[in-house]
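Enquirer: Take this structure first; my questions come after.
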Amino acid sequence: MFGAILAALLVSAGLLFAVTGDGVISLTFALGLCVLLGGLFVFDKARSEPEAATDTAPDWAVTFAAIDAGDDGTAIAITDRANRLVCANTVFVETFGVGSAPPSLPLERAALEAMTRLARKAWRDGSGQLEEMSTASTLEDWRVNVTRAGRGEDHLIWRFVKLQGDAADAIEDIDLSGPFGRMLSRAGIETSIITAGGVVRSVSAGFAERAAGDATATLAGQDFVSFLRSDDRDRIFFSREGRGGTPQTLVDVPLLDPVVARSAEPDASATLMLLIDSGVGIGSGWDGSAQAGVAQLEALLAQLPLGLAMTDRDGRFLFGNEAFLRSVEREGKGLPAFPTDLVVREDKAALSDAVRRHGRGPATSGDIPVRLTSQPEETVSLGLAGVRGLGDAAVLLSLTDSSEEAQLKRQVAQATKMQAVGQLAGGVAHDFNNVLTAIIGTCDLMLLRHTPGDSDYDDIQQIRANSNRAASLTRQLLAFSRQQTLRPEILQLPDVVSEVGPLIKRLLGEKINYFVQHDRDLGAVRADPQQLEQVIMNLAVNARDAIQSNGRGEGRISLLTRSIQAKEVLKLGSEILPPADYTVLIVQDTGGGIPVHVLPKLFEPFFTTKEKGKGTGLGLSTAYGIVKQSGGFLFADNISDSNGLQTGARFTVYFPVHRGEAPKRRPAPEPVSSQWSGGGKILLVEDEDMVRAVAERALARAGYEITACPGGEEGLEAITEGGEFDLIVSDVVMPGMDGPAMVREIRASNPHLPVLFMSGYAEEQLRKDIDIPDMHFIAKPFSVAEISDKVSAVMQSSRSGAAKD
């Protein structure tokens with residue numbers, strides 16, 4: 001290229017000389033062109049050299065070799081100004097992957113914002129640090145350091161240091177000196193738990209015997225290595241036995257991640273040491289040459305209370321003990337091919353990565369939260385530990401058998417929910433009873449001014465009928481919340497079943513067979529016979545509806561009574577049923593059973609599986625409340641045939657056997673006429689305006705002189721101002737001073753003044769809480785006739801008592 005330019009220069013100078021004939025001009029022209037071309041050449045070379053330098057890419061392989069040389073578990077990454085990942089070590093890639101670069105890592109929103117602020121600080125100040133960062137992908141905590149670096153300070157170096165976390169150490173709780181340690185010793189395996197500093201915490205009896213000659217020695221606090229020695233071939237022996245003993249294979253199972261263990265206190269972690277006699281059958285690999293060893297190891301670990309399973313480094317199950325199978329609910333089915341087959345779909349990837357990570361490299365341990373397919377709603381902690389020393393690398397999985405604990409938690413949660421719902425239902429029923437009292441009382445007063453045949457008479461009767469129906473619903477709610485009025489008696493269950501039997505037969509119809517069977521020598525129970533009849537009726541109607549819903553409408557309902565002794569209750573192993581003698585009532589049907597998802601909600605109020613309009617959802621909840629208020633227990637389960645198919649449902653009611661002499665049945669009280677001719681002055685105290693107005697009008701019509709007060713303070717004031725009364729009619733629960741507190745103040749100066757309490761709560765419970773002598777009770781809602789009759793009876797009883805005195 002340079003020769004062509006020189007030839008062109010000479011030709012142009014020759015042409016100029018030929019035209020002008022002046023040699024000086026031609027020479028000057030040629031020299032000027034040479035200077036110009038030289039300057040252009042120098043400028044072009046100066047420009048091309050920086051470009052070439054810029055185009056030369058740095059050698060990141062050298063950088064990678066430098067940052068990947070350490071083994072302290074630190075994840076290192078390098079990013080450019082565009083936040084692109086340009087280099088990272090193996091720890092970072094295995095932990096976070098190559099698909100994301102800091103600060104844009106798989107983090108929660110708060111952590112992501114903190115990482116973004118850290119990056120801006122590093123670009124501005126040159127460095128920054130984040131004390132703690134929690135990742136969503138690894139479920140671990142990290143300390144993050146970032147530094148600006150590079151020739152133009154256009155790169156960031158990120159360092160992620162794993163923080164120490166809490167380690168669950170279930171193996172430390174195993175008693176090595178007990179039967180488990182002795183069983184391993186008989187198999188040629190001696191065990192010891194030592195601290196990270198090599199100090200003995202506990203040993204098995206066999207270890208103590210071989211190391212110190214005394215099976216009862218604890219050896220705690222001594223150096224573990226002091227009991228061992230090695231020969232010139234690096235074989236390990238017990239020091240006390242010397243070379244004449246059996247060579248040992250030492251298996252070190254760390255219970256903490258090695259990186260975490262190095263940064264922890266010397267006694268903060270523990271290690272399980274296994275000394276295995278050579279020749280116990282464990283081979284050098286996990287493939288076909290060592291199947292006998294695997295079988296023996298499985299037999300040994302089957303005795304552990306901790307659920308254990310082992311996989312090869314590729315994640316395939318090798319074996320699992322019985323506790324592990326119980327934990328994953330695969331008893332009798334065996335293990336699947338891979339651990340990921342035991343967890344829900346969302347947890348498969350995380351578990352697979354964790355198994356592969358623990359199956360290669362140095363021995364590590366950790367845990368991961370997963371949801372099992374058998375319990376998809378509950379998270380369990382699955383422990384993983386890389387196992388070395390038994391041949392090829394493997395992964396030990398540990399899972400505590402928490403089935404009983406989970407069942408107990410569900411029972412406690414269900415009992416707590418039922419108690420809360422019961423309190424709510426009782427409060428709603430009590431307040432609603434006040435409204436119904438006003439409605440029913442107003443209807444009664446209106447009916448006194450109308451006669452049959454009037455245009456409004458039928459409408460008023462309809463309102464009153466619907467109000468009574470609503471009152472029955474509130475009574476069912478009170479029954480569920482165990483706040484209804486019971487009148488218990490000592491009775492025999494067969495007598496109650498006989499009383500209600502004809503009515504049940506009429507309800508069942510001709511297609512359903514009704515079968516009754518009683519045990520002999522049944523113990524007496526204490527219950528309200530009328531309420532117990534309602535329990536039996538509700539259970540029978542529920543069984544009838546279950547049979548009719550199976551399509552055929554044909555089936556059988558069995559009503560059985562049984563006697564169960566305390567020792568038989570112990571064999572049941574129930575966490576709810578205390579040991580005692582019980583008389584049991586069983587109602588079972590052939591309706592096909594109860595769906596599993598329905599069983600926990602079966603006794604909740606307003607829960608029903610029937611079609612709309614065919615059930616209130618209060619039948620079983622009412623039965624449950626009556627049984628519990630009577631001191632009994634009610635359970636529901638399914639009946640299965642020999643093939644495991646559900647054939648029906650069974651409701652079992654346990655009543656404690658009553659001990660002691662049965663009192664005589666109380667005679668029915670003689671009816672008292674509502675026409676109390678003596679009259680009298682009544683102090684009426686009620687905070688609900690509607691109820692107070694109805695009661696006042698009803699009693700005034702009966703000939704009483706009424707003083708009405710809206711609260712306890714006003715009622716007490718009416719007495720202290722000199723008022724003389726023959727009877728106090730008062731509500732129990734009122735704002736401010738309640739009825740019992742008011743009556744106690746009044747009784748201080750008028751000890752013989754009778755009192756009639758009105759309440760929607762149970763009479764029996766109120767009598768226990770109030771404990772006031774000469775106290776009478778009327779349940780809400782009541783009609784005009786009922787309160788008039790009750791007041792007449794109390795007045796008559798009071799006058800009779802005074803006459804006797």
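Chain labels run A, B, ... following the order of the structure tokens; each chain numbers its residues from 1, and ligands are numbered from 1 in the order shown.
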If you count only C-alpha atoms, which residues fall within 7 Å of A:Asp731, apart from same-chain ones fewer than 6 positions away, as a list in words?
Expert: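 Contacts, in chain order: Val685, Glu686, Gly739, Phe757, Met758 and Ser759 of chain A.
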Enquirer: DSSP on the backbone: what in stretch 315-369 of chain A comes out strand (DSSP E or B), as JSON, numbers by chain?
Expert: {"A": [317, 318, 319, 320, 343, 365, 366, 367, 368, 369]}
Enquirer: If I take atom CA of A:Leu522 and atom CA of A:Thr583, how far is one from the other in Å, to one decimal?
Expert: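 Separation of atom CA of A:Leu522 and atom CA of A:Thr583: 6.3 Å.
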Enquirer: Would you mind telling me which residue in A:Phe655, A:Tyr514, A:Phe338, A:Phe180 lies nearest to A:Ser563 when using only C-alpha atoms?
Expert: A:Phe655
